[in-house]
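So this one's structure-v9.cif, mmCIF, C-alpha atoms and all ligand atoms:
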```cif
data_entry
#
loop_
_atom_site.label_atom_id
_atom_site.label_comp_id
_atom_site.auth_asym_id
_atom_site.auth_seq_id
_atom_site.Cartn_x
_atom_site.Cartn_y
_atom_site.Cartn_z
CA MET O 1 52.05 -36.77 -95.54
CA LYS O 2 51.51 -38.32 -92.09
CA ARG O 3 48.04 -39.87 -91.71
CA GLU O 4 46.19 -39.50 -88.46
CA LEU O 5 45.09 -42.60 -86.57
CA PRO O 6 41.25 -42.84 -86.34
CA ILE O 7 41.49 -42.39 -82.54
CA PHE O 8 43.21 -39.04 -82.99
CA PRO O 9 40.27 -36.66 -83.63
CA TYR O 10 38.46 -38.25 -80.64
CA PHE O 11 41.50 -37.79 -78.41
CA ARG O 12 41.86 -34.16 -79.52
CA SER O 13 38.19 -33.38 -78.78
CA MET O 14 38.52 -34.94 -75.32
CA GLN O 15 41.57 -32.77 -74.75
CA LYS O 16 39.69 -29.64 -75.83
CA LEU O 17 36.80 -30.56 -73.51
CA PHE O 18 39.24 -30.98 -70.64
CA LEU O 19 40.62 -27.51 -71.38
CA VAL O 20 37.15 -25.92 -71.37
CA TYR O 21 36.16 -27.74 -68.17
CA SER O 22 39.41 -26.69 -66.46
CA TYR O 23 38.92 -23.09 -67.59
CA LEU O 24 35.43 -22.94 -66.08
CA LYS O 25 36.84 -24.29 -62.80
CA TYR O 26 39.64 -21.72 -62.96
CA LEU O 27 37.09 -18.90 -63.43
CA LEU O 28 35.28 -20.02 -60.29
CA LYS O 29 38.43 -20.42 -58.19
CA SER O 30 40.57 -17.50 -59.28
CA THR O 31 40.87 -14.24 -57.38
CA ASN O 32 42.54 -10.88 -57.96
CA THR O 33 44.58 -8.89 -55.40
CA HIS O 34 41.61 -8.74 -53.01
CA GLY O 35 41.91 -12.34 -51.94
CA VAL O 36 45.70 -12.21 -51.45
CA HIS O 37 47.27 -11.71 -48.01
CA SER O 38 50.91 -12.51 -48.85
CA PRO O 39 52.78 -9.16 -49.19
CA PHE O 40 55.16 -10.72 -51.74
CA VAL O 41 52.36 -11.96 -53.98
CA PHE O 42 50.27 -8.81 -53.47
CA GLY O 43 53.22 -6.68 -54.60
CA LEU O 44 53.90 -8.99 -57.54
CA LEU O 45 50.31 -8.76 -58.74
CA ASN O 46 50.23 -4.98 -58.51
CA ASP O 47 53.70 -4.28 -59.89
CA VAL O 48 54.04 -7.02 -62.47
CA VAL O 49 50.97 -9.13 -63.28
CA TYR O 50 48.43 -6.29 -63.50
CA ASN O 51 50.92 -3.62 -64.57
CA LYS O 52 49.38 -1.78 -67.55
CA THR O 53 52.47 0.19 -68.67
CA ASP O 54 52.72 0.23 -72.46
CA TYR O 55 56.44 -0.48 -72.89
CA TYR O 56 57.97 0.58 -76.20
CA VAL O 57 59.25 -2.96 -76.92
CA TYR O 58 55.68 -4.24 -77.02
CA LYS O 59 55.06 -2.29 -80.26
CA GLU O 60 58.36 -3.34 -81.78
CA ILE O 61 57.84 -7.06 -81.15
CA GLU O 62 54.14 -7.05 -81.98
CA ALA O 63 54.93 -5.40 -85.34
CA LEU O 64 57.17 -8.38 -86.07
CA ARG O 65 54.43 -10.79 -84.94
CA THR O 66 52.02 -9.10 -87.37
CA GLN O 67 54.46 -9.71 -90.23
CA LEU O 68 54.87 -13.36 -89.22
CA LEU O 69 51.10 -13.75 -89.07
CA GLU O 70 50.98 -12.81 -92.75
CA ASP O 71 53.83 -15.08 -93.81
CA THR O 72 52.51 -17.95 -95.93
CA ASN O 73 55.92 -19.57 -96.50
CA THR O 74 56.04 -23.11 -95.22
CA VAL O 75 58.42 -24.82 -92.82
CA SER O 76 58.84 -28.56 -92.38
CA CYS O 77 59.19 -29.99 -88.93
CA ILE O 78 58.91 -33.14 -86.97
CA ASP O 79 57.16 -32.15 -83.77
CA LEU O 80 59.31 -33.49 -80.95
CA GLY O 81 56.79 -32.49 -78.32
CA ALA O 82 53.17 -33.34 -77.60
CA GLY O 83 52.05 -31.60 -80.81
CA SER O 84 49.43 -29.00 -81.48
CA LEU O 85 45.72 -29.18 -80.71
CA ASN O 86 45.07 -27.71 -84.13
CA SER O 87 47.26 -29.61 -86.51
CA ARG O 88 49.51 -32.67 -86.66
CA LYS O 89 50.90 -31.78 -90.08
CA GLN O 90 54.64 -31.71 -90.49
CA THR O 91 54.61 -28.89 -93.02
CA ARG O 92 52.97 -25.74 -91.78
CA THR O 93 53.05 -22.08 -92.68
CA VAL O 94 55.05 -19.57 -90.66
CA LYS O 95 51.69 -17.91 -90.08
CA HIS O 96 50.44 -21.11 -88.39
CA HIS O 97 53.41 -21.15 -86.01
CA ALA O 98 52.93 -17.45 -85.22
CA LEU O 99 49.26 -18.08 -84.50
CA TYR O 100 49.39 -21.34 -82.56
CA SER O 101 52.90 -21.78 -81.13
CA ALA O 102 54.00 -18.32 -80.04
CA LYS O 103 52.65 -17.14 -76.71
CA PRO O 104 49.98 -14.47 -77.25
CA ALA O 105 51.00 -10.87 -76.52
CA LYS O 106 49.26 -10.79 -73.14
CA TYR O 107 51.39 -13.66 -71.77
CA ALA O 108 54.63 -12.85 -73.59
CA GLN O 109 54.37 -9.32 -72.18
CA LEU O 110 53.85 -10.74 -68.70
CA LEU O 111 57.09 -12.70 -69.14
CA PHE O 112 58.72 -9.41 -70.20
CA ARG O 113 57.49 -7.74 -67.01
CA LEU O 114 58.63 -10.64 -64.82
CA VAL O 115 62.14 -10.49 -66.25
CA ASN O 116 62.12 -6.70 -66.16
CA HIS O 117 61.11 -6.78 -62.50
CA PHE O 118 63.40 -9.52 -61.17
CA GLN O 119 66.31 -8.97 -63.59
CA PRO O 120 67.41 -12.63 -63.73
CA HIS O 121 70.80 -13.14 -65.32
CA HIS O 122 70.97 -16.78 -66.43
CA ILE O 123 67.85 -17.56 -68.42
CA LEU O 124 66.75 -20.71 -70.21
CA GLU O 125 63.81 -21.19 -72.56
CA LEU O 126 62.73 -24.66 -73.68
CA GLY O 127 60.94 -24.13 -77.01
CA THR O 128 62.05 -21.09 -79.04
CA SER O 129 59.62 -21.43 -81.93
CA LEU O 130 59.85 -18.14 -83.91
CA GLY O 131 61.56 -16.40 -81.01
CA ILE O 132 58.76 -14.01 -80.08
CA THR O 133 58.80 -14.70 -76.34
CA THR O 134 62.59 -15.00 -76.37
CA ALA O 135 62.68 -11.49 -77.83
CA TYR O 136 60.45 -10.15 -75.05
CA ILE O 137 62.65 -11.80 -72.40
CA SER O 138 65.81 -10.47 -74.01
CA LYS O 139 64.50 -6.90 -74.26
CA ALA O 140 63.53 -7.03 -70.58
CA ASN O 141 67.14 -7.51 -69.52
CA SER O 142 69.68 -6.96 -72.26
CA LYS O 143 72.47 -7.86 -69.82
CA SER O 144 71.08 -11.32 -69.25
CA ASN O 145 72.47 -14.42 -70.79
CA ILE O 146 69.67 -16.34 -72.51
CA THR O 147 69.84 -19.89 -73.84
CA THR O 148 66.91 -21.00 -75.94
CA ILE O 149 66.41 -24.45 -77.43
CA GLU O 150 64.38 -25.44 -80.48
CA GLY O 151 64.12 -28.88 -82.04
CA CYS O 152 63.03 -27.81 -85.53
CA PRO O 153 65.98 -26.39 -87.54
CA GLU O 154 63.79 -24.52 -90.05
CA ILE O 155 61.89 -22.73 -87.30
CA ALA O 156 65.10 -22.02 -85.38
CA ALA O 157 66.50 -20.37 -88.55
CA ILE O 158 63.51 -17.99 -88.69
CA ALA O 159 64.01 -17.18 -85.00
CA THR O 160 67.67 -16.29 -85.78
CA GLN O 161 66.49 -13.85 -88.49
CA ASN O 162 63.98 -12.36 -86.06
CA PHE O 163 66.70 -11.79 -83.43
CA HIS O 164 68.77 -9.95 -86.06
CA LEU O 165 65.80 -7.84 -87.11
CA LEU O 166 65.20 -6.85 -83.49
CA GLU O 167 68.94 -6.25 -82.92
CA ILE O 168 69.10 -8.77 -80.13
CA ASN O 169 72.46 -10.24 -79.31
CA ASN O 170 72.30 -11.81 -75.86
CA ILE O 171 70.82 -15.10 -77.05
CA ASN O 172 72.57 -18.42 -77.33
CA GLN O 173 70.42 -20.51 -79.68
CA ILE O 174 70.66 -24.28 -79.52
CA THR O 175 69.00 -26.44 -82.15
CA GLY O 176 68.23 -29.98 -81.05
CA ASN O 177 65.95 -32.27 -79.11
CA PHE O 178 65.74 -31.20 -75.44
CA ASP O 179 66.31 -34.80 -74.38
CA GLU O 180 69.62 -34.84 -76.21
CA VAL O 181 70.93 -31.35 -75.52
CA LEU O 182 69.80 -30.79 -71.93
CA PRO O 183 72.25 -33.15 -70.14
CA ALA O 184 75.32 -31.47 -71.69
CA LEU O 185 73.86 -28.02 -71.11
CA LEU O 186 73.13 -28.92 -67.51
CA ASN O 187 76.74 -29.99 -67.01
CA LYS O 188 78.09 -26.62 -68.00
CA THR O 189 75.39 -24.58 -66.24
CA GLU O 190 76.26 -23.37 -62.78
CA LYS O 191 72.94 -21.82 -61.89
CA LEU O 192 69.71 -20.72 -63.47
CA ASP O 193 67.73 -17.65 -62.45
CA PHE O 194 64.76 -17.99 -64.77
CA VAL O 195 63.46 -20.92 -66.81
CA PHE O 196 60.53 -20.85 -69.24
CA PHE O 197 59.32 -24.40 -69.97
CA ASP O 198 57.44 -24.09 -73.25
CA GLY O 199 57.94 -27.25 -75.27
CA ASN O 200 57.09 -30.92 -75.06
CA HIS O 201 53.84 -30.65 -73.11
CA ARG O 202 53.92 -34.18 -71.71
CA LYS O 203 53.85 -35.10 -68.03
CA LYS O 204 56.94 -37.30 -67.96
CA ALA O 205 59.04 -34.90 -70.03
CA THR O 206 57.89 -31.82 -68.07
CA LEU O 207 58.70 -33.43 -64.72
CA ASN O 208 62.00 -34.70 -66.05
CA TYR O 209 63.07 -31.18 -67.22
CA PHE O 210 61.80 -29.70 -63.95
CA GLU O 211 63.85 -32.12 -61.85
CA GLN O 212 66.96 -31.62 -63.97
CA TYR O 213 66.81 -27.85 -63.65
CA LEU O 214 65.84 -27.90 -60.01
CA THR O 215 69.42 -28.92 -59.29
CA LYS O 216 70.55 -25.56 -60.74
CA SER O 217 67.97 -23.41 -59.01
CA THR O 218 68.47 -21.15 -56.02
CA GLU O 219 66.11 -19.44 -53.63
CA THR O 220 65.60 -16.61 -56.10
CA THR O 221 65.10 -18.72 -59.22
CA ILE O 222 61.77 -18.47 -61.04
CA PHE O 223 60.32 -21.26 -63.18
CA VAL O 224 57.46 -20.54 -65.56
CA PHE O 225 55.48 -23.41 -67.06
CA ASP O 226 53.37 -22.96 -70.14
CA ASP O 227 49.98 -24.57 -70.72
CA ILE O 228 49.57 -26.21 -67.32
CA TYR O 229 46.00 -27.25 -68.25
CA TRP O 230 46.74 -28.26 -71.83
CA SER O 231 45.91 -31.89 -71.00
CA ARG O 232 45.20 -34.08 -67.98
CA GLU O 233 48.87 -35.07 -68.07
CA MET O 234 50.04 -31.46 -67.90
CA LYS O 235 47.68 -30.77 -65.02
CA GLN O 236 49.11 -33.80 -63.18
CA ALA O 237 52.64 -32.52 -63.84
CA TRP O 238 51.66 -29.09 -62.47
CA ASP O 239 50.13 -30.68 -59.34
CA GLU O 240 53.33 -32.68 -58.75
CA ILE O 241 55.49 -29.61 -59.20
CA LYS O 242 53.44 -27.76 -56.58
CA THR O 243 54.02 -30.52 -54.03
CA ASN O 244 57.80 -30.53 -54.50
CA LYS O 245 59.55 -29.72 -51.20
CA GLN O 246 61.68 -26.95 -52.67
CA VAL O 247 58.70 -25.15 -54.20
CA THR O 248 57.12 -22.52 -51.95
CA VAL O 249 54.83 -20.09 -53.78
CA THR O 250 53.05 -20.96 -57.03
CA ILE O 251 50.82 -18.73 -59.11
CA ASP O 252 48.33 -20.34 -61.45
CA LEU O 253 47.25 -17.99 -64.26
CA PHE O 254 45.65 -20.86 -66.20
CA TYR O 255 47.78 -20.56 -69.35
CA LEU O 256 50.96 -20.08 -67.29
CA GLY O 257 52.12 -21.41 -63.94
CA ILE O 258 54.79 -19.48 -62.03
CA VAL O 259 56.95 -21.19 -59.41
CA PHE O 260 59.03 -19.54 -56.67
CA PHE O 261 61.51 -21.15 -54.30
CA ARG O 262 61.77 -18.28 -51.78
CA LYS O 263 62.53 -19.87 -48.43
CA GLU O 264 61.01 -17.06 -46.35
CA GLN O 265 57.59 -17.74 -47.90
CA VAL O 266 55.04 -20.11 -46.43
CA LYS O 267 54.11 -22.78 -48.97
CA GLN O 268 51.02 -21.42 -50.70
CA HIS O 269 49.35 -21.86 -54.08
CA PHE O 270 47.48 -18.95 -55.63
CA VAL O 271 44.97 -19.13 -58.46
CA ILE O 272 44.92 -15.67 -59.94
CA ARG O 273 42.50 -14.18 -62.49
CA PHE O 274 44.46 -12.89 -65.48
C1 LIG O 301 54.86 -23.65 -77.94
S1 LIG O 301 56.27 -23.55 -78.95
C2 LIG O 301 57.30 -22.36 -78.16
C3 LIG O 301 56.77 -20.96 -78.28
C4 LIG O 301 57.72 -19.87 -77.84
N1 LIG O 301 58.25 -20.09 -76.51
C5 LIG O 301 57.00 -18.54 -77.88
O1 LIG O 301 56.23 -18.26 -76.94
O2 LIG O 301 57.16 -17.78 -78.84
C6 LIG O 301 57.11 -25.04 -78.53
C7 LIG O 301 58.32 -25.32 -79.40
O3 LIG O 301 59.05 -26.35 -78.75
C8 LIG O 301 59.61 -27.20 -79.73
N2 LIG O 301 59.77 -28.52 -79.09
C9 LIG O 301 58.81 -29.32 -78.58
N3 LIG O 301 59.34 -30.44 -78.06
C10 LIG O 301 60.68 -30.35 -78.25
C11 LIG O 301 61.77 -31.19 -77.92
N4 LIG O 301 61.59 -32.36 -77.30
N5 LIG O 301 63.01 -30.78 -78.25
C12 LIG O 301 63.20 -29.58 -78.87
N6 LIG O 301 62.20 -28.73 -79.22
C13 LIG O 301 60.96 -29.12 -78.91
C14 LIG O 301 58.61 -27.21 -80.87
O4 LIG O 301 59.28 -27.46 -82.10
C15 LIG O 301 58.00 -25.81 -80.80
O5 LIG O 301 58.57 -24.93 -81.73
#
```
As structure tokens - that is how I would like this structure written.
Ligand SMILES: C[S@@+](CC[C@H](N)C(=O)[O-])C[C@H]1O[C@@H](n2cnc3c(N)ncnc32)[C@H](O)[C@@H]1O
Amino acid sequence: MKRELPIFPYFRSMQKLFLVYSYLKYLLKSTNTHGVHSPFVFGLLNDVVYNKTDYYVYKEIEALRTQLLEDTNTVSCIDLGAGSLNSRKQTRTVKHHALYSAKPAKYAQLLFRLVNHFQPHHILELGTSLGITTAYISKANSKSNITTIEGCPEIAAIATQNFHLLEINNINQITGNFDEVLPALLNKTEKLDFVFFDGNHRKKATLNYFEQYLTKSTETTIFVFDDIYWSREMKQAWDEIKTNKQVTVTIDLFYLGIVFFRKEQVKQHFVIRF
């Protein structure tokens, strides 16, 4: 079993403190529709972000999540990303992954609504884990073509089973380290309409993936970044992304950051209560 360095618990508590501090700042800064004057963002908040429709797929996918949350089988992985705030162990239960890796229902369902609303065709997800969010994205547009990448083969195998259980067949699963598989994938990708960056929460890696996929984005592409306040590094990456010339509108929901490239929009960054 891998032993933690003595500095590790200290580093993790500092990271948790940073998260709490950032969340308090977010609570003070964030607004709802009332503070928003952009018609595009106002419409997006009403129709998508704050949409309370109880779609049938929510029940279907959440029933699967409940099963995974009870699954005490173990999977062995080498974490290729920045790791978890809760455990550095290489062998964890499926339950642990369902609890700590998968996006909670509230955010996964927001991704469902975004895809349902914009109907992107070419979709990429970095970080499949058990496939819960991939399933939401897939059910939001069954005609889309989704590529999802996971570095841990044992977890990817469970995601495959989950896709079968949910009768999903528009997903191209790739198992491998992003750093190794992304260049080849990029070569054969003409354009991307929607990218969910949800793995390897490090500044350098996040900016590197962002820049690579920026070359395949168009005016209508949407990028969604997970855990933009997970660490100081991730916050710095998010701040750099916002300043990129091609980026126009960004929406900070604390646990997710949404990026638009719409040329008709004035560059503006929104911090929205969610
Ligand atoms: C937060 S989880 C993804 C959760 C998933 N998107 C969901 O919401 O259900 C991140 C996943 O990315 C994988 N990962 C992290 N860094 C990676 C890398 N460099 N290459 C491949 N996979 C990586 C991890 O194994 C982990 O399963």
Kindly compile the residues surrounding ligand LIG 301 (chain O) within 8 Å, counting only C-alpha atoms and all ligand atoms, and format them as a ChimeraX atom specification.
/O:77-83,97-98,100-104,108,125-134,149-152,155,175-179,196-201,226
For the residues in the current selection, export C-alpha atoms as a PDB file, keeping the file's coordinate frame.
```pdb
ATOM      1  CA  CYS O  77      59.190 -29.990 -88.930  1.00  0.00           C
ATOM      2  CA  ILE O  78      58.910 -33.140 -86.970  1.00  0.00           C
ATOM      3  CA  ASP O  79      57.160 -32.150 -83.770  1.00  0.00           C
ATOM      4  CA  LEU O  80      59.310 -33.490 -80.950  1.00  0.00           C
ATOM      5  CA  GLY O  81      56.790 -32.490 -78.320  1.00  0.00           C
ATOM      6  CA  ALA O  82      53.170 -33.340 -77.600  1.00  0.00           C
ATOM      7  CA  GLY O  83      52.050 -31.600 -80.810  1.00  0.00           C
ATOM      8  CA  HIS O  97      53.410 -21.150 -86.010  1.00  0.00           C
ATOM      9  CA  ALA O  98      52.930 -17.450 -85.220  1.00  0.00           C
ATOM     10  CA  TYR O 100      49.390 -21.340 -82.560  1.00  0.00           C
ATOM     11  CA  SER O 101      52.900 -21.780 -81.130  1.00  0.00           C
ATOM     12  CA  ALA O 102      54.000 -18.320 -80.040  1.00  0.00           C
ATOM     13  CA  LYS O 103      52.650 -17.140 -76.710  1.00  0.00           C
ATOM     14  CA  PRO O 104      49.980 -14.470 -77.250  1.00  0.00           C
ATOM     15  CA  ALA O 108      54.630 -12.850 -73.590  1.00  0.00           C
ATOM     16  CA  GLU O 125      63.810 -21.190 -72.560  1.00  0.00           C
ATOM     17  CA  LEU O 126      62.730 -24.660 -73.680  1.00  0.00           C
ATOM     18  CA  GLY O 127      60.940 -24.130 -77.010  1.00  0.00           C
ATOM     19  CA  THR O 128      62.050 -21.090 -79.040  1.00  0.00           C
ATOM     20  CA  SER O 129      59.620 -21.430 -81.930  1.00  0.00           C
ATOM     21  CA  LEU O 130      59.850 -18.140 -83.910  1.00  0.00           C
ATOM     22  CA  GLY O 131      61.560 -16.400 -81.010  1.00  0.00           C
ATOM     23  CA  ILE O 132      58.760 -14.010 -80.080  1.00  0.00           C
ATOM     24  CA  THR O 133      58.800 -14.700 -76.340  1.00  0.00           C
ATOM     25  CA  THR O 134      62.590 -15.000 -76.370  1.00  0.00           C
ATOM     26  CA  ILE O 149      66.410 -24.450 -77.430  1.00  0.00           C
ATOM     27  CA  GLU O 150      64.380 -25.440 -80.480  1.00  0.00           C
ATOM     28  CA  GLY O 151      64.120 -28.880 -82.040  1.00  0.00           C
ATOM     29  CA  CYS O 152      63.030 -27.810 -85.530  1.00  0.00           C
ATOM     30  CA  ILE O 155      61.890 -22.730 -87.300  1.00  0.00           C
ATOM     31  CA  THR O 175      69.000 -26.440 -82.150  1.00  0.00           C
ATOM     32  CA  GLY O 176      68.230 -29.980 -81.050  1.00  0.00           C
ATOM     33  CA  ASN O 177      65.950 -32.270 -79.110  1.00  0.00           C
ATOM     34  CA  PHE O 178      65.740 -31.200 -75.440  1.00  0.00           C
ATOM     35  CA  ASP O 179      66.310 -34.800 -74.380  1.00  0.00           C
ATOM     36  CA  PHE O 196      60.530 -20.850 -69.240  1.00  0.00           C
ATOM     37  CA  PHE O 197      59.320 -24.400 -69.970  1.00  0.00           C
ATOM     38  CA  ASP O 198      57.440 -24.090 -73.250  1.00  0.00           C
ATOM     39  CA  GLY O 199      57.940 -27.250 -75.270  1.00  0.00           C
ATOM     40  CA  ASN O 200      57.090 -30.920 -75.060  1.00  0.00           C
ATOM     41  CA  HIS O 201      53.840 -30.650 -73.110  1.00  0.00           C
ATOM     42  CA  ASP O 226      53.370 -22.960 -70.140  1.00  0.00           C
TER      43      ASP O 226
END
```
Closest contacts (segment 192-244 of chain O/segment 249-261 of chain O, max 7 Å, all atoms listed in the file) as a tab-separated table:
```
residue	atom	partner	partner_atom	distance
O:Glu219	CA	O:Phe261	CA	5.0
O:Thr220	CA	O:Phe261	CA	6.4
O:Thr221	CA	O:Phe261	CA	6.6
O:Ile222	CA	O:Phe260	CA	5.3
O:Phe223	CA	O:Val259	CA	5.1
O:Val224	CA	O:Ile258	CA	4.6
O:Phe225	CA	O:Gly257	CA	5.0
O:Asp226	CA	O:Leu256	CA	4.7
O:Asp227	CA	O:Tyr255	CA	4.8
O:Ile228	CA	O:Tyr255	CA	6.3
O:Tyr229	CA	O:Phe254	CA	6.7
O:Lys242	CA	O:Thr250	CA	6.8
```
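Going from atom CA of Leu192 of chain O to atom CA of Lys216 of chain O covers 5.6 Å.
Across the model, the gap from atom CA of Ala159 of chain O to atom CA of Trp230 of chain O is 24.4 Å.
Using only C-alpha atoms, the shortest contact distance between Arg65 of chain O and any of O:Val41, O:Leu124, O:Ala105, O:Ala237 is found at O:Ala105.
Interatomic distance, atom CA of Val195 of chain O against atom CA of Tyr56 of chain O: 24.1 Å.
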